[in-house]
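Just structure_5.cif here, mmCIF, C-alpha atoms and all ligand atoms:
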data_work
#
loop_
_atom_site.label_atom_id
_atom_site.label_comp_id
_atom_site.auth_asym_id
_atom_site.auth_seq_id
_atom_site.Cartn_x
_atom_site.Cartn_y
_atom_site.Cartn_z
CA MET A 1 113.52 106.59 -21.47
CA GLU A 2 115.53 104.94 -24.22
CA ALA A 3 112.41 103.50 -25.80
CA ILE A 4 110.77 106.89 -26.18
CA ASN A 5 113.92 108.91 -26.75
CA ALA A 6 115.92 106.97 -29.32
CA SER A 7 115.37 107.76 -32.99
CA ILE A 8 118.10 105.57 -34.48
CA ASP A 9 115.62 102.98 -35.76
CA VAL A 10 114.20 105.70 -38.00
CA ASP A 11 116.96 108.22 -38.66
CA GLN A 12 119.59 105.66 -39.67
CA ARG A 13 118.15 106.27 -43.14
CA MET A 14 119.89 109.66 -43.04
CA ALA A 15 123.36 108.14 -42.53
CA SER A 16 124.77 109.21 -45.87
CA GLN A 17 123.35 112.73 -45.54
CA ASP A 18 124.77 112.96 -42.01
CA ILE A 19 128.24 111.93 -43.12
CA ARG A 20 128.13 114.23 -46.11
CA GLY A 21 127.22 117.15 -43.82
CA SER A 22 129.98 116.27 -41.35
CA ARG A 23 132.62 116.09 -44.05
CA ALA A 24 131.63 119.50 -45.36
CA HIS A 25 131.69 120.89 -41.81
CA ALA A 26 135.13 119.42 -41.02
CA ARG A 27 136.68 120.83 -44.19
CA MET A 28 135.22 124.23 -43.43
CA LEU A 29 136.54 124.14 -39.85
CA ALA A 30 140.03 123.49 -41.19
CA GLN A 31 139.82 126.20 -43.84
CA GLN A 32 138.82 128.68 -41.15
CA GLY A 33 141.70 127.57 -38.93
CA ILE A 34 139.33 126.29 -36.25
CA ILE A 35 140.81 122.79 -36.43
CA THR A 36 144.08 121.72 -38.05
CA ASP A 37 144.28 120.42 -41.58
CA ALA A 38 145.70 117.18 -40.21
CA ASP A 39 142.68 116.69 -37.93
CA ALA A 40 140.29 117.49 -40.77
CA GLU A 41 141.97 114.91 -42.97
CA THR A 42 141.83 112.32 -40.22
CA ILE A 43 138.16 113.06 -39.64
CA ASP A 44 137.40 112.95 -43.35
CA ALA A 45 139.11 109.60 -43.87
CA GLY A 46 137.44 108.22 -40.76
CA LEU A 47 134.00 109.36 -41.92
CA GLY A 48 134.68 107.70 -45.26
CA LYS A 49 135.33 104.48 -43.40
CA VAL A 50 132.15 104.84 -41.33
CA ALA A 51 130.16 105.44 -44.50
CA GLU A 52 131.59 102.29 -46.02
CA GLU A 53 130.80 100.23 -42.95
CA ILE A 54 127.21 101.47 -42.92
CA GLN A 55 126.83 100.84 -46.61
CA HIS A 56 127.91 97.24 -46.15
CA GLY A 57 125.74 96.76 -43.08
CA LEU A 58 128.80 96.30 -40.88
CA LEU A 59 127.97 98.93 -38.28
CA THR A 60 125.60 97.87 -35.53
CA PHE A 61 123.66 100.90 -34.44
CA ARG A 62 123.29 101.38 -30.70
CA ARG A 63 120.04 102.62 -29.28
CA GLU A 64 121.69 104.01 -26.18
CA LEU A 65 123.47 106.44 -28.52
CA GLU A 66 120.03 107.75 -29.43
CA ASP A 67 120.32 108.81 -33.04
CA ILE A 68 122.31 108.60 -36.27
CA HIS A 69 124.41 111.67 -35.39
CA MET A 70 125.71 110.18 -32.13
CA ASN A 71 126.17 106.74 -33.66
CA VAL A 72 128.30 108.09 -36.49
CA GLU A 73 130.36 110.26 -34.19
CA ALA A 74 130.88 107.42 -31.70
CA ARG A 75 132.08 105.11 -34.43
CA LEU A 76 134.35 107.84 -35.78
CA ARG A 77 135.91 108.16 -32.35
CA GLU A 78 136.54 104.41 -32.24
CA ILE A 79 138.28 104.63 -35.60
CA VAL A 80 140.29 107.87 -35.36
CA GLY A 81 140.38 108.68 -31.66
CA GLU A 82 140.80 112.20 -30.30
CA PRO A 83 140.30 114.27 -33.50
CA ALA A 84 136.74 112.93 -33.68
CA GLY A 85 135.94 115.06 -30.68
CA ARG A 86 136.75 118.22 -32.66
CA LEU A 87 134.14 117.58 -35.36
CA HIS A 88 131.28 118.94 -33.33
CA THR A 89 132.96 122.35 -32.90
CA GLY A 90 130.66 125.19 -33.88
CA ARG A 91 127.65 123.02 -34.55
CA SER A 92 124.87 121.30 -32.65
CA ARG A 93 122.72 118.31 -33.35
CA ASN A 94 119.95 120.85 -33.91
CA ASP A 95 121.46 122.37 -37.04
CA GLN A 96 122.94 119.00 -37.94
CA VAL A 97 119.57 117.22 -38.01
CA ALA A 98 117.93 120.13 -39.82
CA THR A 99 120.64 119.89 -42.48
CA ASP A 100 120.49 116.12 -42.82
CA PHE A 101 116.72 116.13 -43.08
CA ARG A 102 116.71 118.83 -45.73
CA LEU A 103 119.23 116.85 -47.74
CA TRP A 104 117.12 113.71 -47.40
CA VAL A 105 113.87 115.40 -48.41
CA ARG A 106 115.66 117.07 -51.32
CA ASP A 107 116.93 113.69 -52.54
CA SER A 108 113.44 112.26 -52.37
CA ALA A 109 111.95 115.27 -54.14
CA ASP A 110 114.45 114.70 -56.95
CA ARG A 111 113.44 111.04 -57.21
CA VAL A 112 109.77 112.04 -57.22
CA ASP A 113 110.45 114.48 -60.03
CA ALA A 114 112.16 111.76 -62.06
CA GLY A 115 109.24 109.41 -61.36
CA LEU A 116 106.73 112.04 -62.46
CA LYS A 117 108.65 112.62 -65.64
CA THR A 118 108.59 108.90 -66.42
CA LEU A 119 104.87 108.77 -65.69
CA ILE A 120 104.16 111.77 -67.92
CA THR A 121 106.20 110.19 -70.71
CA ALA A 122 104.22 106.94 -70.38
CA LEU A 123 100.93 108.86 -70.51
CA LEU A 124 102.05 110.83 -73.57
CA ASN A 125 102.93 107.62 -75.38
CA ARG A 126 99.57 106.05 -74.59
CA ALA A 127 97.71 109.25 -75.48
CA GLU A 128 99.43 109.45 -78.83
CA ALA A 129 98.15 105.99 -79.76
CA GLU A 130 94.59 106.76 -78.62
CA VAL A 131 93.97 110.15 -80.20
CA GLU A 132 91.11 108.73 -82.28
CA THR A 133 89.71 106.34 -79.66
CA ILE A 134 86.31 107.52 -78.50
CA LEU A 135 84.71 106.82 -75.15
CA PRO A 136 81.97 108.50 -73.14
CA GLY A 137 83.06 111.52 -71.14
CA PHE A 138 81.28 111.68 -67.81
CA THR A 139 79.95 114.27 -65.45
CA HIS A 140 78.47 112.99 -62.19
CA LEU A 141 79.72 109.62 -63.55
CA GLN A 142 76.78 109.87 -65.96
CA PRO A 143 77.61 109.63 -69.68
CA ALA A 144 77.79 113.23 -70.91
CA GLN A 145 79.57 113.79 -74.23
CA PRO A 146 81.96 111.68 -76.27
CA VAL A 147 85.65 112.41 -75.72
CA THR A 148 88.82 110.86 -77.02
CA LEU A 149 90.90 108.59 -74.83
CA GLY A 150 93.97 110.57 -75.81
CA HIS A 151 92.32 113.70 -74.45
CA HIS A 152 91.37 111.93 -71.23
CA LEU A 153 94.93 110.72 -70.67
CA MET A 154 96.25 114.20 -71.40
CA ALA A 155 94.13 115.55 -68.54
CA TYR A 156 96.41 113.56 -66.22
CA VAL A 157 99.48 114.88 -67.99
CA GLU A 158 98.30 118.36 -66.99
CA MET A 159 97.80 117.33 -63.35
CA PHE A 160 101.14 115.57 -63.06
CA SER A 161 102.90 118.47 -64.76
CA ARG A 162 101.55 120.81 -62.09
CA ASP A 163 102.69 118.32 -59.48
CA ARG A 164 106.20 118.57 -60.86
CA SER A 165 106.10 122.32 -60.62
CA ARG A 166 104.83 122.11 -57.02
CA PHE A 167 107.80 119.91 -56.07
CA ALA A 168 110.14 122.27 -57.89
CA ASP A 169 108.75 125.23 -55.93
CA ALA A 170 109.10 123.35 -52.65
CA ARG A 171 112.64 122.32 -53.53
CA ALA A 172 113.67 125.89 -54.30
CA ARG A 173 112.52 127.11 -50.87
CA LEU A 174 114.02 124.08 -49.13
CA ASN A 175 117.42 124.57 -50.68
CA GLU A 176 119.12 126.65 -47.96
CA SER A 177 121.65 125.33 -45.52
CA PRO A 178 120.91 125.46 -41.77
CA LEU A 179 124.40 124.17 -40.98
CA GLY A 180 126.23 126.59 -38.70
CA ALA A 181 123.13 127.92 -36.98
CA ALA A 182 124.39 125.74 -34.12
CA ALA A 183 122.03 125.09 -31.20
CA LEU A 184 119.82 128.13 -31.82
CA ALA A 185 121.80 131.36 -31.55
CA GLY A 186 124.74 130.96 -33.88
CA THR A 187 128.28 130.34 -32.65
CA PRO A 188 131.36 132.38 -31.66
CA TYR A 189 133.56 130.38 -34.09
CA PRO A 190 134.32 132.14 -37.38
CA LEU A 191 132.40 129.68 -39.54
CA ASP A 192 132.09 130.02 -43.30
CA ARG A 193 128.48 129.04 -43.77
CA GLU A 194 128.62 129.90 -47.46
CA MET A 195 131.28 127.27 -47.91
CA THR A 196 129.35 124.44 -46.28
CA ALA A 197 126.18 125.51 -48.10
CA LYS A 198 128.01 125.29 -51.40
CA ALA A 199 129.61 121.95 -50.57
CA LEU A 200 126.15 120.52 -49.89
CA ASP A 201 124.67 121.99 -53.09
CA PHE A 202 122.48 124.45 -51.23
CA ASP A 203 121.86 127.85 -52.79
CA GLY A 204 123.19 129.55 -49.65
CA PRO A 205 122.90 129.55 -45.85
CA THR A 206 119.62 130.14 -44.01
CA ARG A 207 119.45 133.69 -42.64
CA ASN A 208 118.18 133.28 -39.09
CA SER A 209 119.65 130.80 -36.63
CA LEU A 210 116.43 130.35 -34.64
CA ASP A 211 114.43 129.69 -37.78
CA SER A 212 117.13 127.37 -39.11
CA VAL A 213 116.81 124.84 -36.30
CA SER A 214 113.10 125.14 -35.64
CA SER A 215 111.45 125.12 -39.06
CA ARG A 216 110.09 122.08 -40.80
CA ASP A 217 107.86 123.77 -43.35
CA PHE A 218 110.20 122.45 -46.05
CA ALA A 219 109.07 118.94 -45.12
CA LEU A 220 105.45 120.08 -44.86
CA GLU A 221 105.60 121.53 -48.35
CA TYR A 222 107.05 118.29 -49.62
CA LEU A 223 104.26 116.36 -47.88
CA ALA A 224 101.59 118.76 -49.14
CA ALA A 225 102.86 118.40 -52.71
CA SER A 226 102.98 114.63 -52.14
CA SER A 227 99.40 114.63 -50.88
CA ILE A 228 98.13 116.50 -53.92
CA LEU A 229 100.10 114.19 -56.18
CA ALA A 230 98.68 111.17 -54.32
CA MET A 231 95.18 112.60 -54.79
CA HIS A 232 95.79 112.76 -58.54
CA LEU A 233 97.15 109.23 -58.56
CA SER A 234 94.15 108.11 -56.54
CA ARG A 235 91.72 109.54 -59.09
CA MET A 236 93.53 107.91 -61.96
CA ALA A 237 93.62 104.62 -60.06
CA GLU A 238 89.91 104.87 -59.32
CA GLU A 239 89.16 105.29 -63.02
CA MET A 240 91.29 102.23 -63.71
CA VAL A 241 89.28 100.26 -61.16
CA ILE A 242 85.96 101.40 -62.63
CA TRP A 243 87.03 101.00 -66.24
CA SER A 244 88.40 97.50 -65.68
CA SER A 245 85.21 96.35 -63.92
CA ALA A 246 83.05 93.87 -65.82
CA SER A 247 80.23 96.40 -66.13
CA PHE A 248 82.44 98.91 -67.91
CA SER A 249 85.09 96.71 -69.55
CA PHE A 250 86.77 99.78 -71.08
CA ILE A 251 90.20 98.44 -70.21
CA SER A 252 91.83 95.32 -68.86
CA PHE A 253 95.16 94.63 -67.20
CA THR A 254 97.45 91.78 -68.09
CA ASP A 255 98.39 89.19 -65.49
CA ALA A 256 101.46 91.28 -64.75
CA TRP A 257 99.34 94.04 -63.22
CA SER A 258 96.32 92.20 -61.85
CA THR A 259 95.75 89.24 -59.58
CA GLY A 260 93.42 86.27 -59.45
CA SER A 261 91.02 85.59 -56.64
CA SER A 262 91.85 82.74 -54.28
CA ILE A 263 88.27 81.48 -54.46
CA MET A 264 86.60 82.80 -57.62
CA PRO A 265 88.48 81.46 -60.63
CA GLN A 266 86.87 83.86 -63.09
CA LYS A 267 88.15 87.00 -61.36
CA ARG A 268 90.91 89.34 -62.31
CA ASN A 269 91.33 91.97 -59.65
CA PRO A 270 92.98 95.37 -60.15
CA ASP A 271 94.89 95.15 -56.85
CA ALA A 272 97.70 97.46 -57.89
CA ALA A 273 95.24 100.16 -58.93
CA GLU A 274 93.33 99.75 -55.67
CA LEU A 275 96.50 100.06 -53.61
CA LEU A 276 97.51 103.08 -55.64
CA ARG A 277 94.09 104.55 -54.82
CA ALA A 278 94.68 103.87 -51.12
CA LYS A 279 98.21 105.26 -50.67
CA ILE A 280 96.99 108.80 -50.13
CA GLY A 281 95.85 107.65 -46.68
CA ARG A 282 99.34 107.38 -45.30
CA ILE A 283 100.67 110.29 -47.33
CA PHE A 284 98.10 112.84 -46.26
CA GLY A 285 98.26 111.22 -42.81
CA ALA A 286 101.94 112.15 -42.68
CA PHE A 287 101.15 115.73 -43.64
CA THR A 288 98.53 116.15 -40.91
CA SER A 289 100.75 114.35 -38.42
CA LEU A 290 103.71 116.65 -38.97
CA LEU A 291 101.56 119.77 -39.20
CA LEU A 292 100.00 118.98 -35.82
CA THR A 293 103.38 118.09 -34.32
CA MET A 294 104.72 121.49 -35.33
CA LYS A 295 101.65 123.44 -34.30
CA GLY A 296 102.16 125.52 -31.19
CA LEU A 297 105.85 124.66 -30.72
CA PRO A 298 107.75 127.56 -29.19
CA LEU A 299 111.06 128.51 -30.82
CA ALA A 300 113.55 127.06 -31.24
CA TYR A 301 114.21 123.29 -31.28
CA SER A 302 111.99 120.97 -29.25
CA LYS A 303 112.30 117.22 -29.17
CA ASP A 304 108.80 116.98 -30.61
CA MET A 305 110.46 117.66 -33.91
CA GLN A 306 112.21 114.31 -33.86
CA GLU A 307 108.80 112.91 -34.84
CA ASP A 308 109.14 114.59 -38.24
CA LYS A 309 111.16 111.86 -39.91
CA GLU A 310 109.20 108.67 -39.35
CA VAL A 311 106.05 109.97 -41.04
CA THR A 312 107.97 111.74 -43.79
CA PHE A 313 109.94 108.61 -44.66
CA LEU A 314 106.74 106.57 -44.66
CA ALA A 315 105.08 109.05 -47.01
CA ALA A 316 108.14 109.30 -49.24
CA ASP A 317 108.29 105.52 -49.63
CA ALA A 318 104.60 105.50 -50.51
CA VAL A 319 104.90 108.33 -53.04
CA GLU A 320 107.92 106.86 -54.76
CA LEU A 321 106.37 103.39 -54.89
CA SER A 322 103.06 104.83 -56.10
CA LEU A 323 104.75 106.54 -59.01
CA ALA A 324 106.49 103.34 -60.06
CA ALA A 325 103.21 101.43 -59.88
CA ALA A 326 101.39 104.16 -61.78
CA VAL A 327 103.91 103.89 -64.60
CA GLY A 328 103.42 100.11 -64.68
CA LEU A 329 99.64 100.45 -64.79
CA VAL A 330 99.66 103.13 -67.47
CA GLU A 331 101.99 101.09 -69.64
CA ASP A 332 100.01 97.88 -69.07
CA PHE A 333 96.34 98.70 -69.58
CA GLN A 334 94.75 97.26 -72.69
CA PRO A 335 92.02 99.47 -74.15
CA ASN A 336 88.82 97.75 -75.28
CA ARG A 337 87.93 100.21 -78.03
CA ASP A 338 84.76 98.35 -79.03
CA ALA A 339 83.36 98.50 -75.52
CA MET A 340 84.15 102.22 -75.29
CA ARG A 341 82.44 102.84 -78.61
CA ALA A 342 79.42 100.75 -77.65
CA ALA A 343 79.08 102.73 -74.41
CA CYS A 344 78.96 105.93 -76.47
CA LEU A 345 75.92 104.69 -78.32
CA LYS A 346 73.89 104.57 -75.12
CA GLY A 347 72.68 107.66 -73.28
CA HIS A 348 72.30 110.05 -76.24
CA LEU A 349 75.81 111.48 -75.96
CA THR A 350 75.33 113.68 -79.01
CA ALA A 351 72.25 115.46 -77.68
CA THR A 352 74.32 118.61 -77.14
CA ASP A 353 75.49 118.41 -80.76
CA LEU A 354 71.87 118.28 -81.85
CA ALA A 355 71.03 121.35 -79.79
CA ASP A 356 74.08 123.18 -81.17
CA TRP A 357 72.97 122.28 -84.72
CA LEU A 358 69.55 123.80 -84.07
CA VAL A 359 71.26 126.98 -82.85
CA ARG A 360 73.67 127.21 -85.77
CA SER A 361 71.46 126.01 -88.63
CA LEU A 362 68.06 127.32 -87.55
CA ASN A 363 69.26 130.35 -85.59
CA MET A 364 67.29 129.03 -82.60
CA PRO A 365 68.04 130.51 -79.15
CA PHE A 366 70.04 127.90 -77.18
CA ARG A 367 67.38 127.59 -74.46
CA GLU A 368 64.74 126.66 -77.04
CA ALA A 369 67.14 124.30 -78.80
CA HIS A 370 67.76 122.61 -75.42
CA HIS A 371 64.00 122.14 -75.03
CA VAL A 372 63.46 120.79 -78.58
CA THR A 373 66.37 118.38 -78.09
CA GLY A 374 64.88 117.20 -74.81
CA THR A 375 61.64 116.35 -76.63
CA LEU A 376 63.59 114.46 -79.30
CA VAL A 377 65.52 112.51 -76.63
CA ALA A 378 62.19 111.51 -75.06
CA LEU A 379 60.92 110.46 -78.49
CA ALA A 380 64.02 108.31 -79.09
CA ASP A 381 63.59 106.75 -75.64
CA ASP A 382 59.95 105.97 -76.50
CA LYS A 383 61.05 104.26 -79.68
CA ALA A 384 64.00 102.62 -77.89
CA CYS A 385 66.43 103.94 -80.49
CA ARG A 386 69.34 106.35 -80.76
CA LEU A 387 68.96 109.97 -81.84
CA ASP A 388 70.60 109.20 -85.20
CA GLU A 389 68.15 106.33 -85.72
CA LEU A 390 65.13 108.67 -85.65
CA SER A 391 63.77 109.35 -89.15
CA LEU A 392 63.66 112.83 -90.61
CA GLU A 393 59.86 112.67 -90.25
CA ASP A 394 60.28 111.87 -86.53
CA LEU A 395 62.56 114.88 -86.15
CA GLN A 396 60.27 117.15 -88.13
CA SER A 397 57.28 116.05 -86.04
CA VAL A 398 58.94 117.93 -83.18
CA HIS A 399 60.32 120.84 -85.20
CA GLY A 400 59.31 121.28 -88.84
CA ALA A 401 62.43 123.17 -89.94
CA ILE A 402 64.89 120.35 -89.17
CA THR A 403 66.65 119.11 -92.34
CA GLN A 404 68.64 116.07 -93.39
CA GLY A 405 71.83 117.99 -92.56
CA VAL A 406 71.29 117.34 -88.86
CA PHE A 407 72.46 113.75 -89.28
CA ASP A 408 75.97 115.05 -90.00
CA VAL A 409 76.39 116.04 -86.36
CA LEU A 410 74.76 113.07 -84.66
CA SER A 411 77.64 110.60 -84.91
CA ILE A 412 80.14 110.40 -82.07
CA GLU A 413 83.01 110.88 -84.54
CA ALA A 414 81.46 114.14 -85.77
CA SER A 415 80.87 115.18 -82.18
CA VAL A 416 84.50 114.83 -81.07
CA ALA A 417 85.85 116.22 -84.35
CA SER A 418 83.75 119.35 -83.89
CA ARG A 419 85.14 120.17 -80.44
CA GLN A 420 88.07 122.13 -81.76
CA SER A 421 88.13 124.97 -79.25
CA PHE A 422 91.54 125.38 -77.62
CA GLY A 423 91.85 122.63 -75.02
CA GLY A 424 89.01 120.65 -76.64
CA THR A 425 88.80 116.92 -77.33
CA ALA A 426 89.00 117.03 -81.16
CA PRO A 427 91.84 114.79 -82.39
CA VAL A 428 93.43 117.75 -84.16
CA ARG A 429 93.67 119.66 -80.86
CA VAL A 430 94.82 116.61 -78.89
CA ARG A 431 97.67 116.00 -81.33
CA GLU A 432 98.77 119.60 -80.83
CA ALA A 433 98.43 119.24 -77.06
CA ILE A 434 100.60 116.12 -77.05
CA SER A 435 103.33 117.69 -79.12
CA ALA A 436 103.30 120.86 -77.00
CA ALA A 437 103.52 118.76 -73.83
CA LYS A 438 106.47 116.87 -75.29
CA ASP A 439 108.22 120.15 -76.04
CA ARG A 440 107.64 121.36 -72.48
CA LEU A 441 108.90 118.12 -70.93
CA THR A 442 112.38 118.74 -69.51
N1 LIG A 501 117.45 112.93 -32.88
C1 LIG A 501 117.18 114.33 -32.84
C2 LIG A 501 116.08 114.68 -33.87
O1 LIG A 501 115.83 113.91 -34.73
C3 LIG A 501 118.41 115.10 -33.16
C4 LIG A 501 118.45 116.46 -32.52
C5 LIG A 501 118.59 116.32 -31.08
N2 LIG A 501 118.83 117.60 -30.48
C6 LIG A 501 118.75 117.74 -29.19
N3 LIG A 501 118.96 118.93 -28.73
N4 LIG A 501 118.47 116.75 -28.40
O2 LIG A 501 115.45 115.72 -33.80
#

Could you render the structure as structure tokens?
Ligand code: ARG
Amino acid sequence: MEAINASIDVDQRMASQDIRGSRAHARMLAQQGIITDADAETIDAGLGKVAEEIQHGLLTFRRELEDIHMNVEARLREIVGEPAGRLHTGRSRNDQVATDFRLWVRDSADRVDAGLKTLITALLNRAEAEVETILPGFTHLQPAQPVTLGHHLMAYVEMFSRDRSRFADARARLNESPLGAAALAGTPYPLDREMTAKALDFDGPTRNSLDSVSSRDFALEYLAASSILAMHLSRMAEEMVIWSSASFSFISFTDAWSTGSSIMPQKRNPDAAELLRAKIGRIFGAFTSLLLTMKGLPLAYSKDMQEDKEVTFLAADAVELSLAAAVGLVEDFQPNRDAMRAACLKGHLTATDLADWLVRSLNMPFREAHHVTGTLVALADDKACRLDELSLEDLQSVHGAITQGVFDVLSIEASVASRQSFGGTAPVRVREAISAAKDRLT
């Protein structure tokens, strides 16, 4: 029974939240005349002592006491005696655990937000330095059109900025205090739930006692936001793995952020990026685990819900660590600008520019321009050269009206510079995007 029932191995991580909640509750009980001021002071001092002991690793948790709530209260009783027994007036472990867990998830969400901000700042700094660096942009992982590295990095700034706003939304809904809902129905004691909510930095008390003790959607939202964030991190990590491979060689990592192989001396492996790519497994795993735990549970509290914390803590550790690693990787990667440029010269990346030139200069319908360009690409392939290495005669052999002016649009620099539509890859737009993102960053 103890082996399946006890949660102390996991929920001891909520010790500081538990003590914070108890102190707020005790002060409120005294203010409402439910316990004496003297008892409240004794309890408060005693809880301070328990907190100190836990902080210094001096308290040995006991599994037979089941969870962090009972362990703290038992230790309080050892320290202060009888008044400890008055702390649990007008509350239950059901509203207590719901409160502690909200506080814990809120703390983690705040750390995630700080980590995201650091990551966005790192990306902005790298983007700023690479506004003019050109590499192939891909669709289907096939070279498509040239883009700037600054623009590419800014795509992740957009994703991580939305992640921040998802966590902020989740935090706003989470930020209500279940404390005082008691076991499930409320309590006959004249509690001041506004007071404890305020003391714990919640916006106010939850409105329905049954919902207060039986809902975990705040944790699910946190895990959903974490999963989407982890998906973004995983995509960025995957690009780092591909780009640092010998075949691409777009970037490399220093020894600080890569490892050697134990058997192949020539290797430098992007282990950190690979692990970053993998972390979504446990994070999304936590989301599905908790969602399925909650599914079909009748109101109000059921012990099933004790399973909420282990997976959430696991996911939170992974998300927070992932963000730190992502910052390290973003700050560390060394761009190989020559390799990026060389890759742009393969695969006729400016074919679209050629088609657009035919449309603009010869007033050709785009479909026809697409066809003419396709013929020119085939001709270049036949001659094993680039589009801009075809002679004017070659070009005119396919369409007589083509003029020398076409060569102005066939370089990769001209291609990126021309993409000045709002949100486009032209350096002028990317500079604006970076400065706007900096202004938005709070
Ligand atoms: N350890 C429990 C949990 O994490 C605390 C709540 C226990 N409540 C109860 N009625 N047994 O969910």

Near-region 241-254 of chain A list (7 Å; only C-alpha atoms; drop same-chain fewer than 6 positions) as a short mmCIF file (atom, residue, chain, number, x, y, z; two decimals) with C-alpha atoms, keeping the file's coordinate frame:
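Produced file out09.cif, reproduced below:
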data_model
loop_
_atom_site.label_atom_id
_atom_site.label_comp_id
_atom_site.auth_asym_id
_atom_site.auth_seq_id
_atom_site.Cartn_x
_atom_site.Cartn_y
_atom_site.Cartn_z
CA PRO A 270 92.98 95.37 -60.15
CA ALA A 273 95.24 100.16 -58.93
CA GLU A 274 93.33 99.75 -55.67
CA ASP A 332 100.01 97.88 -69.07
CA PHE A 333 96.34 98.70 -69.58
CA GLN A 334 94.75 97.26 -72.69
CA PRO A 335 92.02 99.47 -74.15
CA ASN A 336 88.82 97.75 -75.28
CA ALA A 339 83.36 98.50 -75.52
CA MET A 340 84.15 102.22 -75.29
#

**Fill in**
One decimal place gives the CA of Ala315 (chain A)-CA of Leu229 (chain A) separation as 11.6 Å

**Prompt:** Looking at A:Ala183, A:Ile283, A:Ala230, A:Ala369, which one is nearest to ligand LIG 501 (chain A), with distances taken over only C-alpha atoms and all ligand atoms?
**Reply:**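 So, comparing all the options, the nearest one is A:Ala183.
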
**Request:** Residues up to 6 Å from ligand LIG 501 (chain A), counting all atoms listed in the file: could you list those as a list in words?
**Result:**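 Selection of residues at most 6 Å from ligand LIG 501 (chain A): Ser7, Asp67, Arg93, Asn94, Val97, Lys303, Met305 and Gln306 of chain A.
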
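The list of residues within 7 Å of (131.9, 127.3, -40.3), counted using all atoms listed in the file, is His25, Met28, Leu29, Gly90, Gly180, Pro190, Leu191, Asp192 and Arg193 of chain A.
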
Expected file contents, prior selection, C-alpha atoms, as a short mmCIF file (atom, residue, chain, number, x, y, z; two decimals), in the coordinates of the input:
data_model
loop_
_atom_site.label_atom_id
_atom_site.label_comp_id
_atom_site.auth_asym_id
_atom_site.auth_seq_id
_atom_site.Cartn_x
_atom_site.Cartn_y
_atom_site.Cartn_z
CA HIS A 25 131.69 120.89 -41.81
CA MET A 28 135.22 124.23 -43.43
CA LEU A 29 136.54 124.14 -39.85
CA GLY A 90 130.66 125.19 -33.88
CA GLY A 180 126.23 126.59 -38.70
CA PRO A 190 134.32 132.14 -37.38
CA LEU A 191 132.40 129.68 -39.54
CA ASP A 192 132.09 130.02 -43.30
CA ARG A 193 128.48 129.04 -43.77
#

**Item:** Top pick for closest residue to Val359 (chain A), considering A:Ser391, A:Ser212, A:Thr121, A:Thr373 and counting all atoms listed in the file
**Value:**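 Ranked by minimum distance to Val359 (chain A), first place goes to A:Thr373.
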
**Item:** Selection near Leu184 (chain A), 7 Å with all atoms listed in the file, sequence-local residues under 2 positions removed, as a list in words
**Value:**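 The residues satisfying every condition are Ala181, Ala182, Gly186, Ser209, Leu210, Val213 and Ala300 of chain A.
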
**Request:** Please write as a PyMOL selection string the list of polymer residues whose atoms come within 8 Å of (123.2, 121.2, -47.0), counting all atoms listed in the file and keeping to the coordinates of the file.
**Result:** chain A and resi 21+99-100+102-103+175-179+196-202

**Item:** Spatial neighbours of region 72-77 of chain A, 12 Å, all atoms listed in the file, chain gap at least 3 places, as a PyMOL selection string
**Value:** chain A and resi 8+11-12+14-23+42-54+58-62+64-69+80-88+93

Selected residues written out, C-alpha atoms, as a short mmCIF file (atom, residue, chain, number, x, y, z; two decimals), in the frame of the given file:
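Result written to result20.cif:
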data_model
loop_
_atom_site.label_atom_id
_atom_site.label_comp_id
_atom_site.auth_asym_id
_atom_site.auth_seq_id
_atom_site.Cartn_x
_atom_site.Cartn_y
_atom_site.Cartn_z
CA ILE A 8 118.10 105.57 -34.48
CA ASP A 11 116.96 108.22 -38.66
CA GLN A 12 119.59 105.66 -39.67
CA MET A 14 119.89 109.66 -43.04
CA ALA A 15 123.36 108.14 -42.53
CA SER A 16 124.77 109.21 -45.87
CA GLN A 17 123.35 112.73 -45.54
CA ASP A 18 124.77 112.96 -42.01
CA ILE A 19 128.24 111.93 -43.12
CA ARG A 20 128.13 114.23 -46.11
CA GLY A 21 127.22 117.15 -43.82
CA SER A 22 129.98 116.27 -41.35
CA ARG A 23 132.62 116.09 -44.05
CA THR A 42 141.83 112.32 -40.22
CA ILE A 43 138.16 113.06 -39.64
CA ASP A 44 137.40 112.95 -43.35
CA ALA A 45 139.11 109.60 -43.87
CA GLY A 46 137.44 108.22 -40.76
CA LEU A 47 134.00 109.36 -41.92
CA GLY A 48 134.68 107.70 -45.26
CA LYS A 49 135.33 104.48 -43.40
CA VAL A 50 132.15 104.84 -41.33
CA ALA A 51 130.16 105.44 -44.50
CA GLU A 52 131.59 102.29 -46.02
CA GLU A 53 130.80 100.23 -42.95
CA ILE A 54 127.21 101.47 -42.92
CA LEU A 58 128.80 96.30 -40.88
CA LEU A 59 127.97 98.93 -38.28
CA THR A 60 125.60 97.87 -35.53
CA PHE A 61 123.66 100.90 -34.44
CA ARG A 62 123.29 101.38 -30.70
CA GLU A 64 121.69 104.01 -26.18
CA LEU A 65 123.47 106.44 -28.52
CA GLU A 66 120.03 107.75 -29.43
CA ASP A 67 120.32 108.81 -33.04
CA ILE A 68 122.31 108.60 -36.27
CA HIS A 69 124.41 111.67 -35.39
CA VAL A 80 140.29 107.87 -35.36
CA GLY A 81 140.38 108.68 -31.66
CA GLU A 82 140.80 112.20 -30.30
CA PRO A 83 140.30 114.27 -33.50
CA ALA A 84 136.74 112.93 -33.68
CA GLY A 85 135.94 115.06 -30.68
CA ARG A 86 136.75 118.22 -32.66
CA LEU A 87 134.14 117.58 -35.36
CA HIS A 88 131.28 118.94 -33.33
CA ARG A 93 122.72 118.31 -33.35
#
